[in-house]
>>> print(open('coords-v5.cif').read())   # mmCIF, C-alpha atoms
data_model
#
loop_
_atom_site.label_atom_id
_atom_site.label_comp_id
_atom_site.auth_asym_id
_atom_site.auth_seq_id
_atom_site.Cartn_x
_atom_site.Cartn_y
_atom_site.Cartn_z
CA MET A 1 4.07 -2.96 15.74
CA SER A 2 1.19 -4.48 13.91
CA THR A 3 -1.80 -6.02 15.60
CA PHE A 4 -3.49 -9.28 14.80
CA ILE A 5 -7.12 -9.82 15.68
CA LEU A 6 -8.10 -13.47 15.81
CA THR A 7 -11.69 -14.58 15.26
CA GLU A 8 -12.86 -18.10 16.00
CA SER A 9 -15.66 -19.97 14.26
CA ARG A 10 -18.52 -21.82 15.91
CA LEU A 11 -18.93 -24.26 13.04
CA ASP A 12 -18.53 -27.94 13.92
CA PRO A 13 -16.27 -29.96 11.58
CA ALA A 14 -18.48 -32.99 12.22
CA LYS A 15 -21.31 -31.16 10.43
CA ALA A 16 -19.30 -30.20 7.34
CA ILE A 17 -20.65 -31.54 4.03
CA TYR A 18 -17.12 -31.75 2.62
CA ASP A 19 -13.91 -32.63 4.46
CA PHE A 20 -10.72 -33.32 2.54
CA THR A 21 -7.03 -33.31 3.42
CA LEU A 22 -4.83 -31.96 0.61
CA PRO A 23 -1.19 -33.04 0.73
CA ALA A 24 1.57 -30.56 -0.04
CA GLY A 25 2.41 -30.26 -3.72
CA GLU A 26 -1.10 -31.16 -4.87
CA GLY A 27 -3.88 -29.15 -6.45
CA TRP A 28 -7.58 -28.81 -5.71
CA MET A 29 -10.36 -27.37 -7.84
CA HIS A 30 -13.89 -27.46 -6.49
CA GLU A 31 -17.19 -25.64 -6.57
CA ILE A 32 -18.32 -23.68 -3.53
CA ARG A 33 -21.95 -22.58 -3.61
CA ARG A 34 -23.22 -19.15 -2.65
CA GLY A 35 -23.90 -19.08 1.10
CA GLN A 36 -21.61 -21.99 1.88
CA THR A 37 -18.72 -21.57 4.29
CA PHE A 38 -15.26 -22.73 3.28
CA ARG A 39 -12.46 -23.33 5.80
CA ILE A 40 -8.76 -23.99 5.21
CA VAL A 41 -6.88 -25.48 8.17
CA ASP A 42 -3.08 -25.18 8.38
CA LEU A 43 -2.67 -28.61 9.98
CA ASP A 44 1.03 -28.47 10.87
CA GLY A 45 1.80 -24.76 10.70
CA ASN A 46 3.40 -22.23 8.35
CA GLN A 47 2.05 -23.77 5.17
CA ALA A 48 1.36 -21.40 2.26
CA VAL A 49 -1.93 -22.15 0.50
CA ASP A 50 -2.03 -20.46 -2.91
CA THR A 51 -5.67 -19.79 -3.72
CA LEU A 52 -7.72 -18.35 -6.60
CA PHE A 53 -11.46 -17.96 -7.01
CA TYR A 54 -13.65 -17.69 -10.11
CA ASN A 55 -17.31 -16.85 -10.55
CA ALA A 56 -18.66 -20.33 -11.36
CA HIS A 57 -20.88 -18.83 -14.07
CA ASP A 58 -18.38 -16.44 -15.66
CA LEU A 59 -14.64 -17.09 -15.79
CA THR A 60 -13.91 -13.46 -16.66
CA ASP A 61 -15.19 -12.49 -13.20
CA ARG A 62 -12.33 -13.68 -10.99
CA TYR A 63 -10.42 -12.85 -7.85
CA SER A 64 -8.47 -9.62 -8.13
CA ALA A 65 -5.74 -8.93 -5.57
CA GLN A 66 -5.41 -5.24 -6.50
CA ASP A 67 -9.16 -4.60 -6.34
CA THR A 68 -9.40 -6.43 -3.00
CA ILE A 69 -6.62 -4.49 -1.27
CA ARG A 70 -7.67 -1.14 -2.74
CA GLU A 71 -11.33 -1.49 -1.77
CA GLN A 72 -10.42 -2.32 1.84
CA GLY A 73 -7.60 0.26 1.87
CA GLY A 74 -5.11 -2.26 3.26
CA LEU A 75 -2.69 -4.90 2.08
CA TYR A 76 -3.38 -7.79 4.42
CA LEU A 77 -6.32 -10.18 4.45
CA THR A 78 -8.12 -11.17 7.64
CA THR A 79 -11.61 -11.34 9.18
CA GLY A 80 -13.85 -8.77 7.50
CA THR A 81 -11.91 -8.75 4.23
CA LYS A 82 -14.19 -8.95 1.23
CA LEU A 83 -12.58 -10.79 -1.66
CA ILE A 84 -13.31 -8.61 -4.69
CA SER A 85 -13.45 -9.75 -8.31
CA SER A 86 -12.03 -8.15 -11.44
CA GLU A 87 -15.61 -7.00 -12.17
CA SER A 88 -15.87 -5.39 -8.71
CA ASN A 89 -18.19 -8.01 -7.26
CA VAL A 90 -17.88 -9.40 -3.73
CA MET A 91 -16.91 -13.06 -4.15
CA ALA A 92 -16.59 -14.05 -0.49
CA GLU A 93 -15.96 -12.54 2.92
CA ILE A 94 -13.50 -13.84 5.49
CA VAL A 95 -15.64 -14.58 8.55
CA ALA A 96 -13.17 -16.32 10.87
CA ASP A 97 -9.40 -16.30 11.10
CA THR A 98 -7.19 -17.72 13.85
CA CYS A 99 -3.99 -16.78 12.00
CA GLY A 100 -4.63 -13.04 11.67
CA ARG A 101 -2.89 -12.08 8.47
CA HIS A 102 -2.72 -13.49 4.95
CA ASP A 103 -0.78 -12.28 1.92
CA THR A 104 -2.02 -11.40 -1.55
CA LEU A 105 1.08 -9.66 -2.97
CA GLY A 106 3.54 -12.55 -3.24
CA GLY A 107 1.80 -14.52 -5.98
CA ALA A 108 2.51 -18.15 -6.72
CA CYS A 109 5.87 -19.80 -7.17
CA ALA A 110 6.60 -21.04 -10.68
CA ALA A 111 9.32 -23.07 -12.37
CA GLU A 112 10.45 -20.02 -14.32
CA SER A 113 10.33 -17.56 -11.43
CA ASN A 114 12.33 -20.05 -9.34
CA GLN A 115 15.01 -19.83 -12.04
CA VAL A 116 15.02 -16.06 -11.70
CA ARG A 117 14.88 -16.01 -7.92
CA TYR A 118 17.26 -18.84 -7.04
CA ALA A 119 19.25 -20.41 -9.88
CA LEU A 120 18.80 -21.33 -13.55
CA ASP A 121 18.97 -25.04 -12.71
CA LYS A 122 15.87 -24.93 -10.43
CA ARG A 123 13.37 -25.25 -13.28
CA TRP A 124 12.68 -28.94 -12.65
CA MET A 125 11.49 -28.41 -9.07
CA HIS A 126 7.76 -28.61 -8.35
CA SER A 127 5.92 -25.30 -8.07
CA CYS A 128 2.48 -23.84 -7.47
CA ARG A 129 2.04 -22.69 -11.05
CA ASP A 130 2.69 -26.23 -12.30
CA THR A 131 0.14 -27.51 -9.79
CA PHE A 132 -2.33 -24.92 -11.10
CA MET A 133 -1.59 -25.92 -14.71
CA LEU A 134 -2.36 -29.58 -14.02
CA ALA A 135 -5.47 -28.79 -11.97
CA ILE A 136 -7.00 -26.58 -14.69
CA SER A 137 -6.05 -29.05 -17.40
CA ARG A 138 -7.90 -31.82 -15.54
CA TRP A 139 -10.83 -29.49 -14.82
CA GLY A 140 -11.13 -28.49 -18.49
CA ARG A 141 -14.22 -26.38 -19.20
CA GLY A 142 -12.15 -23.75 -20.95
CA VAL A 143 -9.94 -22.71 -18.04
CA THR A 144 -6.46 -21.83 -19.35
CA LYS A 145 -3.20 -20.22 -18.29
CA CYS A 146 -4.57 -16.71 -18.82
CA ASP A 147 -6.96 -17.40 -15.93
CA LEU A 148 -4.06 -17.92 -13.50
CA THR A 149 -3.82 -14.46 -11.99
CA HIS A 150 -2.58 -13.01 -8.74
CA ASN A 151 -3.59 -15.27 -5.93
CA ILE A 152 -4.04 -15.23 -2.19
CA ASN A 153 -1.37 -16.90 -0.06
CA PHE A 154 -3.25 -18.01 3.00
CA PHE A 155 -1.05 -18.30 6.13
CA MET A 156 1.81 -16.34 4.51
CA ASN A 157 3.21 -13.09 5.93
CA VAL A 158 4.71 -10.66 3.40
CA PRO A 159 4.98 -7.23 5.06
CA VAL A 160 5.70 -4.03 3.14
CA THR A 161 8.02 -1.57 4.90
CA PRO A 162 7.41 2.23 4.91
CA ASP A 163 10.32 2.70 2.47
CA GLY A 164 8.68 0.32 -0.01
CA LYS A 165 10.59 -2.89 0.58
CA LEU A 166 8.89 -6.24 0.36
CA SER A 167 9.97 -8.65 3.07
CA PHE A 168 9.19 -12.29 3.59
CA ALA A 169 8.73 -12.49 7.33
CA ASP A 170 8.55 -15.49 9.59
CA GLY A 171 5.23 -17.23 9.44
CA VAL A 172 2.48 -16.08 11.76
CA SER A 173 0.58 -19.33 11.49
CA ALA A 174 0.85 -22.49 13.56
CA GLY A 175 -0.55 -26.00 13.52
CA GLY A 176 -4.36 -26.02 13.70
CA ARG A 177 -4.87 -22.38 12.73
CA TYR A 178 -7.55 -21.76 10.13
CA VAL A 179 -9.23 -19.20 7.92
CA GLU A 180 -12.88 -19.35 6.96
CA MET A 181 -14.86 -17.51 4.31
CA ARG A 182 -18.49 -17.33 3.25
CA ALA A 183 -19.17 -17.44 -0.47
CA ALA A 184 -21.19 -14.47 -1.77
CA MET A 185 -21.63 -16.08 -5.21
CA ASP A 186 -21.27 -19.53 -6.72
CA LEU A 187 -17.51 -19.99 -6.85
CA ILE A 188 -14.87 -22.28 -8.25
CA GLY A 189 -11.95 -22.45 -5.86
CA LEU A 190 -8.48 -23.36 -7.12
CA ILE A 191 -5.73 -24.24 -4.64
CA SER A 192 -2.10 -25.22 -4.85
CA ASN A 193 -0.81 -26.50 -1.53
CA CYS A 194 2.61 -24.92 -1.96
CA PRO A 195 5.63 -27.21 -2.58
CA GLN A 196 8.27 -24.44 -2.41
CA LEU A 197 11.56 -25.64 -0.87
CA ASN A 198 13.79 -22.72 -1.83
CA ASN A 199 12.56 -20.29 0.82
CA PRO A 200 10.99 -20.43 4.29
CA CYS A 201 7.37 -19.81 3.17
CA ASN A 202 6.58 -23.39 4.24
CA ALA A 203 9.29 -23.51 6.92
CA TYR A 204 11.22 -25.76 4.42
CA ASN A 205 8.72 -28.49 5.22
CA PRO A 206 5.53 -28.41 3.09
CA THR A 207 2.66 -30.07 4.95
CA PRO A 208 -1.00 -31.00 4.33
CA VAL A 209 -3.99 -28.71 4.79
CA ARG A 210 -7.58 -29.62 5.55
CA LEU A 211 -10.43 -28.21 3.45
CA LEU A 212 -13.97 -28.12 4.82
CA ILE A 213 -17.28 -26.83 3.46
CA TRP A 214 -20.47 -26.22 5.44
CA PRO A 215 -23.86 -25.66 3.80
CA MET B 216 19.16 11.76 -25.55
CA SER B 217 19.56 13.59 -28.84
CA ASN B 218 16.64 14.22 -31.15
CA GLU B 219 17.80 11.83 -33.87
CA ASN B 220 17.12 8.96 -31.49
CA ILE B 221 13.44 9.87 -31.28
CA LEU B 222 11.49 7.46 -33.48
CA PHE B 223 8.20 9.25 -32.78
CA GLU B 224 6.31 10.94 -30.00
CA GLU B 225 2.82 12.02 -29.14
CA THR B 226 0.97 13.67 -26.29
CA LEU B 227 -1.75 11.71 -24.58
CA PRO B 228 -4.32 13.91 -22.80
CA GLY B 229 -5.51 12.96 -19.30
CA GLY B 230 -7.91 10.02 -19.41
CA GLY B 231 -6.38 8.90 -22.70
CA LEU B 232 -5.50 5.41 -23.89
CA TRP B 233 -2.72 3.94 -26.00
CA SER B 234 -1.06 0.69 -26.96
CA TRP B 235 2.02 -0.11 -28.97
CA ALA B 236 4.24 -3.09 -29.73
CA LEU B 237 7.68 -1.78 -28.83
CA ARG B 238 10.52 -3.36 -30.77
CA ARG B 239 13.19 -5.02 -28.66
CA HIS B 240 15.71 -2.53 -27.25
CA THR B 241 13.69 0.55 -28.08
CA THR B 242 12.69 2.72 -25.14
CA LEU B 243 9.34 4.23 -24.19
CA ARG B 244 9.79 7.48 -22.29
CA LEU B 245 6.85 8.73 -20.24
CA THR B 246 6.95 12.42 -19.32
CA ASP B 247 4.56 13.94 -16.80
CA LEU B 248 3.82 17.25 -18.50
CA ALA B 249 1.85 19.05 -15.78
CA GLY B 250 2.75 17.18 -12.58
CA GLY B 251 0.51 14.70 -10.77
CA ALA B 252 0.04 12.41 -13.78
CA ASN B 253 -0.73 8.71 -13.55
CA VAL B 254 0.01 6.10 -16.20
CA GLY B 255 -1.64 2.72 -15.66
CA LEU B 256 0.33 0.14 -17.63
CA MET B 257 0.16 -3.54 -18.53
CA ALA B 258 2.76 -5.35 -20.67
CA TYR B 259 2.91 -8.57 -22.73
CA ASN B 260 5.44 -10.45 -24.83
CA ALA B 261 4.30 -9.19 -28.25
CA ASP B 262 5.38 -12.46 -29.91
CA GLN B 263 3.54 -14.66 -27.36
CA PRO B 264 1.08 -12.67 -25.22
CA LEU B 265 0.47 -15.56 -22.81
CA ASP B 266 3.91 -14.53 -21.52
CA ARG B 267 2.86 -11.42 -19.61
CA LEU B 268 3.60 -8.94 -16.86
CA ASN B 269 3.43 -10.56 -13.44
CA LEU B 270 3.73 -8.02 -10.64
CA PRO B 271 3.97 -10.54 -7.79
CA ASP B 272 6.94 -12.20 -9.55
CA THR B 273 8.42 -8.76 -10.33
CA LEU B 274 8.16 -7.55 -6.74
CA LYS B 275 9.28 -10.69 -4.92
CA ALA B 276 12.28 -11.20 -7.24
CA GLN B 277 13.49 -7.69 -6.41
CA TYR B 278 12.23 -7.55 -2.78
CA THR B 279 10.37 -4.33 -3.50
CA ALA B 280 6.88 -2.87 -3.23
CA LYS B 281 7.78 0.19 -5.33
CA LEU B 282 9.38 0.53 -8.76
CA THR B 283 12.22 2.84 -9.79
CA HIS B 284 15.54 3.00 -11.69
CA GLY B 285 17.21 -0.41 -11.88
CA HIS B 286 14.04 -2.44 -11.50
CA VAL B 287 12.85 -4.72 -14.26
CA LEU B 288 9.21 -5.53 -15.02
CA MET B 289 9.16 -9.32 -15.29
CA SER B 290 6.78 -11.77 -16.92
CA ASP B 291 5.22 -14.86 -15.41
CA MET B 292 7.65 -16.90 -17.54
CA GLY B 293 10.72 -15.42 -15.88
CA HIS B 294 11.47 -12.96 -18.68
CA ALA B 295 12.47 -9.31 -18.56
CA LEU B 296 9.82 -7.22 -20.33
CA LEU B 297 10.75 -3.62 -19.51
CA SER B 298 13.77 -2.22 -17.66
CA ILE B 299 13.47 1.10 -15.85
CA THR B 300 16.63 2.70 -17.24
CA ALA B 301 15.96 6.23 -15.94
CA ASP B 302 13.54 7.73 -13.44
CA THR B 303 13.30 11.23 -12.02
CA ALA B 304 10.15 10.60 -9.92
CA GLY B 305 11.74 7.88 -7.73
CA TRP B 306 8.63 5.86 -6.88
CA HIS B 307 6.00 4.17 -9.02
CA ASP B 308 3.07 2.27 -7.56
CA PRO B 309 2.57 -1.48 -8.20
CA LEU B 310 -0.21 -1.93 -5.60
CA GLY B 311 -3.25 0.25 -6.26
CA GLY B 312 -4.54 -1.26 -9.50
CA HIS B 313 -6.99 0.68 -11.62
CA GLY B 314 -10.43 2.22 -11.41
CA ASN B 315 -13.54 1.34 -13.35
CA ALA B 316 -16.75 3.07 -14.42
CA ALA B 317 -18.41 2.69 -10.99
CA LEU B 318 -15.38 4.10 -9.16
CA VAL B 319 -15.10 7.08 -11.51
CA GLN B 320 -18.81 7.85 -11.17
CA ARG B 321 -18.61 7.52 -7.37
CA ASN B 322 -15.58 9.83 -7.17
CA TYR B 323 -16.36 12.42 -9.81
CA GLY B 324 -19.98 12.00 -10.89
CA ALA B 325 -21.30 11.02 -14.26
CA ALA B 326 -20.20 12.71 -17.48
CA THR B 327 -21.21 10.82 -20.58
CA TYR B 328 -19.87 11.21 -24.06
CA GLN B 329 -23.36 12.36 -25.18
CA GLU B 330 -23.14 15.36 -22.82
CA LYS B 331 -19.46 16.16 -22.74
CA ARG B 332 -18.02 14.86 -26.01
CA ASN B 333 -14.32 14.16 -25.49
CA ASP B 334 -14.33 15.75 -22.03
CA TRP B 335 -16.36 12.79 -20.74
CA HIS B 336 -15.18 10.86 -17.71
CA ARG B 337 -13.13 7.92 -18.87
CA ASN B 338 -12.02 5.04 -16.67
CA ALA B 339 -8.93 2.87 -16.71
CA HIS B 340 -10.71 -0.50 -16.82
CA ASP B 341 -12.63 0.32 -19.99
CA ASN B 342 -9.56 1.95 -21.53
CA PHE B 343 -7.51 -1.21 -20.90
CA LEU B 344 -10.24 -3.37 -22.48
CA ILE B 345 -10.42 -1.15 -25.57
CA GLU B 346 -6.69 -1.28 -26.20
CA LEU B 347 -6.34 -4.99 -25.29
CA GLY B 348 -9.13 -5.78 -27.76
CA LYS B 349 -7.14 -4.22 -30.59
CA HIS B 350 -4.56 -6.97 -30.09
CA GLY B 351 -7.00 -9.83 -29.76
CA LEU B 352 -6.88 -9.76 -25.95
CA GLY B 353 -9.73 -9.29 -23.49
CA LYS B 354 -10.96 -9.47 -19.91
CA ARG B 355 -9.14 -12.73 -19.19
CA ASP B 356 -5.89 -11.05 -20.20
CA LEU B 357 -6.13 -8.21 -17.69
CA VAL B 358 -3.18 -8.33 -15.29
CA ALA B 359 -2.26 -6.36 -12.20
CA ASN B 360 -1.02 -3.01 -13.51
CA VAL B 361 1.70 -0.54 -12.57
CA ASN B 362 0.74 3.09 -11.89
CA PHE B 363 3.67 5.18 -13.08
CA PHE B 364 4.15 8.56 -11.35
CA SER B 365 1.93 7.58 -8.40
CA ARG B 366 2.89 6.46 -4.90
CA LEU B 367 1.03 4.84 -2.03
CA ASP B 368 2.37 4.94 1.52
CA VAL B 369 1.84 1.78 3.56
CA ASP B 370 1.85 1.70 7.39
CA ALA B 371 2.62 -1.17 9.79
CA GLU B 372 -1.00 -2.38 9.65
CA GLY B 373 -0.91 -2.43 5.85
CA ALA B 374 -3.14 0.64 5.44
CA MET B 375 -2.50 2.35 2.09
CA LYS B 376 -2.63 6.10 1.55
CA PHE B 377 -2.11 8.14 -1.63
CA HIS B 378 1.09 10.20 -1.44
CA PRO B 379 0.40 13.64 -2.94
CA GLY B 380 3.01 15.42 -5.03
CA ASN B 381 5.02 12.31 -5.92
CA SER B 382 5.57 13.52 -9.47
CA ALA B 383 6.39 17.10 -10.54
CA ALA B 384 5.93 18.63 -13.98
CA GLY B 385 8.69 17.32 -16.23
CA ALA B 386 9.21 14.07 -14.34
CA ARG B 387 10.09 11.23 -16.66
CA VAL B 388 10.66 7.51 -16.62
CA ASP B 389 12.35 5.45 -19.35
CA LEU B 390 11.22 1.88 -20.08
CA ARG B 391 13.52 -0.16 -22.32
CA ALA B 392 11.96 -3.16 -24.02
CA GLU B 393 14.06 -6.30 -23.45
CA MET B 394 11.98 -8.27 -25.97
CA ASN B 395 9.24 -7.19 -28.38
CA VAL B 396 6.77 -5.84 -25.83
CA LEU B 397 3.12 -4.96 -26.23
CA VAL B 398 2.45 -2.03 -23.89
CA VAL B 399 -1.13 -1.12 -23.02
CA LEU B 400 -1.55 2.07 -21.01
CA ASN B 401 -3.85 4.91 -20.07
CA THR B 402 -3.65 8.24 -18.31
CA CYS B 403 -6.65 7.98 -15.98
CA GLN B 404 -6.28 9.18 -12.39
CA HIS B 405 -4.96 6.78 -9.79
CA PRO B 406 -7.94 5.01 -8.17
CA LEU B 407 -6.92 6.32 -4.72
CA ASP B 408 -6.21 9.89 -5.87
CA PRO B 409 -8.14 11.97 -3.28
CA ASN B 410 -8.70 14.86 -5.72
CA PRO B 411 -12.51 15.36 -5.68
CA ARG B 412 -12.41 16.57 -9.29
CA TYR B 413 -11.98 14.58 -12.47
CA ALA B 414 -8.59 15.97 -13.45
CA PRO B 415 -6.40 13.39 -15.19
CA ARG B 416 -3.12 14.86 -16.44
CA PRO B 417 -1.45 14.72 -19.86
CA VAL B 418 1.60 12.59 -20.56
CA ARG B 419 4.14 12.78 -23.38
CA LEU B 420 4.95 9.41 -24.96
CA THR B 421 8.32 9.23 -26.72
CA VAL B 422 9.64 6.11 -28.44
CA LEU B 423 13.45 6.18 -28.71
CA LYS B 424 16.08 4.16 -30.47
CA THR B 425 18.42 2.96 -27.71
CA PRO B 426 21.43 0.62 -27.58
CA PRO B 427 21.01 -2.97 -26.34
CA PRO B 428 22.06 -3.50 -22.72
CA GLY B 429 25.73 -4.39 -22.49
CA PRO B 430 27.36 -6.64 -19.89
CA ASP B 431 27.73 -3.67 -17.52
CA ASP B 432 24.10 -2.51 -17.85
CA PHE B 433 22.73 -1.07 -14.60
CA CYS B 434 19.34 -2.83 -14.74
CA ARG B 435 20.89 -6.16 -15.75
CA ASN B 436 23.26 -6.01 -12.79
CA PHE B 437 20.86 -4.45 -10.29
CA ARG B 438 20.40 -7.87 -8.69
CA GLY B 439 21.35 -11.48 -9.43
CA GLU B 440 17.66 -12.10 -10.08
CA ASN B 441 17.72 -9.48 -12.84
CA GLN B 442 20.82 -11.06 -14.41
CA ARG B 443 19.07 -14.43 -14.57
CA SER B 444 15.92 -12.85 -16.00
CA PHE B 445 18.04 -11.24 -18.76
CA ILE B 446 19.67 -14.61 -19.55
CA LEU B 447 16.26 -16.29 -19.88
CA THR B 448 15.07 -13.46 -22.12
CA GLU B 449 18.14 -13.53 -24.36
CA ARG B 450 17.52 -17.25 -24.93
CA LEU B 451 14.37 -16.18 -26.84
CA PHE B 452 16.60 -14.45 -29.40
CA PRO B 453 19.37 -16.93 -30.27
CA GLY B 454 22.07 -15.41 -32.42
CA ALA B 455 20.68 -11.89 -32.01
#
>>> encode(input="coords-v5.cif", output="structure tokens")
Amino acid sequence: MSTFILTESRLDPAKAIYDFTLPAGEGWMHEIRRGQTFRIVDLDGNQAVDTLFYNAHDLTDRYSAQDTIREQGGLYLTTGTKLISSESNVMAEIVADTCGRHDTLGGACAAESNQVRYALDKRWMHSCRDTFMLAISRWGRGVTKCDLTHNINFFMNVPVTPDGKLSFADGVSAGGRYVEMRAAMDLIGLISNCPQLNNPCNAYNPTPVRLLIWP
Amino acid sequence: MSNENILFEETLPGGGLWSWALRRHTTLRLTDLAGGANVGLMAYNADQPLDRLNLPDTLKAQYTAKLTHGHVLMSDMGHALLSITADTAGWHDPLGGHGNAALVQRNYGAATYQEKRNDWHRNAHDNFLIELGKHGLGKRDLVANVNFFSRLDVDAEGAMKFHPGNSAAGARVDLRAEMNVLVVLNTCQHPLDPNPRYAPRPVRLTVLKTPPPGPDDFCRNFRGENQRSFILTERLFPGA
């Protein structure tokens, strides 16, 4: 049986310099400065938060799931995980986590992958990749589809079995649980608050998350 | 497979790099010549490279964290890129990613071209960038790669460990292109290979003429997800 180590934060939400509630199905793209602390709160529980990070000064230096899991020698993200970029730089470190495990294998849902996974007539349904597309289009500044790589799914649990099967397990999160990371470089964060209704990653009920930044 | 179906073949030494736009329904066969090889591979729709290998979509559609016979490498647009139509190794790694210059120097020490000529220490990241560049692609086009012939074991805590001896000499895997597919690959060691020596192994690359997948094709019917991915791919080739 796997163990989960939970780490609480001492930061006071009243002292945050940024405090925003992101409804399900919406996107968020925002700068996070080096040294700042960024918290995502799963307000109602079992909500997947699809997240990417970019070096704010160099788009080619971006979050890399494979580099992150290989450098820590383990698949799951929690307190102590350093988020590693495609250029092998530390982008941020998870410094508090009251959920205990986050996924970075499952990627983001997309209209086209929903067709493959569920049925050809699912293309119209809202998806994380479409949220990402709209967020980067609004952001501009040269960010395009090729920058949408393999993301983190905060609050999602996707265990790998010893015989190499990928399972989508019941959520390990609950209302009010949070994950917090300290930026090690100037970052752009990109979030899709997942709208998926075809599987239990959001307990069939996508809900808002709260995003906070401390200086 | 008889010889007349071989379109061409070449041997790539360890640490080597290669790219090729496979025509639809031809097959790339990788053969591990000495045992213990690793082939890091990325793949793109050759006609529209923004449509590209997406390992998270590939793995979650097939509920797998390993790749073997029957699995299909899928793109982020729901298309089938490459079907694994034969496999004698049984397990190929989609998790470990690839090494770079710093990792190779840390693991094996420095060996520059100036000192060692073509025995220098090459790394997968630079090899990918060289071959991607030949097709107008670059750093922003890097995707999570497969490591053919390598295996990582994962425990209940998620800890990953290199599995020695996954691939014996003569092991082979066949990848059938389901559209025109740009394949970018190299034969650098797996980044978690515990071998303290720089010892990447040679791989034979064989491009074969193969029949299109029929209605009873094993990879097409491996899962309902694969069937739907084939349908979406065939829509790219109306009347074909």
>>> closest_residue(input="coords-v5.cif", among="A:Ala119, A:Ala169, A:Leu83, A:Leu11", to="Glu440 in chain B", atoms="all atoms listed in the file")
A:Ala119
>>> closest_atom_pairs(input="coords-v5.cif", of="chain B", to="chain A", cutoff="6 Å", atoms="all atoms listed in the file", output="CSV")
residue,atom,partner,partner_atom,distance
B:Pro271,CA,A:Gly107,CA,4.9
B:Ala276,CA,A:Arg117,CA,5.5
B:Tyr278,CA,A:Leu166,CA,4.8
B:Thr279,CA,A:Lys165,CA,4.3
B:Ala280,CA,A:Gly164,CA,4.9
B:Lys281,CA,A:Gly164,CA,5.4
B:Met292,CA,A:Glu112,CA,5.3
B:Gly293,CA,A:Glu112,CA,4.9
B:Gly311,CA,A:Arg70,CA,5.8
B:Gly312,CA,A:Gln66,CA,5.1
B:Lys354,CA,A:Thr60,CA,5.9
B:Arg355,CA,A:Thr60,CA,5.4
B:Asp356,CA,A:Cys146,CA,6.0
B:Val369,CA,A:Pro162,CA,5.7
B:Ala371,CA,A:Ser2,CA,5.5
B:Glu372,CA,A:Ser2,CA,5.2
B:Gly373,CA,A:Leu75,CA,4.8
B:Ala374,CA,A:Gly74,CA,4.1
B:Met375,CA,A:Gly74,CA,5.4
B:Glu440,CA,A:Val116,CA,5.0
B:Arg443,CA,A:Val116,CA,5.2
B:Ser444,CA,A:Val116,CA,5.4
>>> resolve_selection(input="coords-v5.cif", expression="the PyMOL selection byres ((chain A and resi 195) around 10)", output="PyMOL selection string")
chain A and resi 23-26+47-49+109+125-128+131+192-194+196-198+201-202+204-207
>>> closest_residue(input="coords-v5.cif", among="A:Ala174, A:Ile32, A:Leu52, A:Ile17", to="Phe155 in chain A", atoms="only C-alpha atoms")
A:Ala174
>>> resolve_selection(input="coords-v5.cif", expression="the PyMOL selection byres ((chain B and resi 345) around 12)", output="number ranges by chain")
B: 231-234, 337-344, 346-354, 357, 399-401
>>> residues_around(input="coords-v5.cif", residues="range 423-431 of chain B", least_positions_apart="6", cutoff="8 Å", atoms="only C-alpha atoms", output="tab-separated table (two decimals) with C-alpha atoms, in the frame of the given file")
chain	number	residue	atom	x	y	z
B	220	ASN	CA	17.12	8.96	-31.49
B	221	ILE	CA	13.44	9.87	-31.28
B	222	LEU	CA	11.49	7.46	-33.48
B	223	PHE	CA	8.20	9.25	-32.78
B	240	HIS	CA	15.71	-2.53	-27.25
B	241	THR	CA	13.69	0.55	-28.08
B	242	THR	CA	12.69	2.72	-25.14
B	243	LEU	CA	9.34	4.23	-24.19
B	244	ARG	CA	9.79	7.48	-22.29
B	391	ARG	CA	13.52	-0.16	-22.32
>>> residues_around(input="coords-v5.cif", residues="Gly100 in chain A", least_positions_apart="5", cutoff="6 Å", atoms="all atoms listed in the file", output="PDB file with C-alpha atoms, keeping the file's coordinate frame")
ATOM      1  CA  PHE A   4      -3.490  -9.280  14.800  1.00  0.00           C
ATOM      2  CA  ILE A   5      -7.120  -9.820  15.680  1.00  0.00           C
ATOM      3  CA  LEU A   6      -8.100 -13.470  15.810  1.00  0.00           C
ATOM      4  CA  THR A  78      -8.120 -11.170   7.640  1.00  0.00           C
TER       5      THR A  78
END
>>> resolve_selection(input="coords-v5.cif", expression="the PyMOL selection byres ((chain B and resi 282) around 6)", output="list in words")
Lys281, Thr283, Trp306 and His307 of chain B
>>> decode(input="coords-v5.cif", residues="range 138-155 of chain A", atoms="C-alpha atoms", output="CSV table (one decimal), in the first residue's frame")
chain,number,residue,atom,x,y,z
A,138,ARG,CA,-6.0,35.4,-25.7
A,139,TRP,CA,-2.5,35.6,-24.2
A,140,GLY,CA,-0.8,35.9,-27.6
A,141,ARG,CA,2.9,36.7,-27.4
A,142,GLY,CA,3.7,33.8,-29.7
A,143,VAL,CA,2.4,31.0,-27.6
A,144,THR,CA,0.9,28.3,-29.9
A,145,LYS,CA,-0.3,24.7,-29.9
A,146,CYS,CA,3.2,23.3,-30.1
A,147,ASP,CA,3.7,24.7,-26.6
A,148,LEU,CA,0.9,22.6,-25.2
A,149,THR,CA,2.9,19.7,-23.8
A,150,HIS,CA,2.4,17.1,-21.1
A,151,ASN,CA,0.9,18.7,-18.1
A,152,ILE,CA,0.4,18.1,-14.4
A,153,ASN,CA,-3.0,17.0,-13.2
A,154,PHE,CA,-3.1,18.4,-9.7
A,155,PHE,CA,-5.5,16.4,-7.4
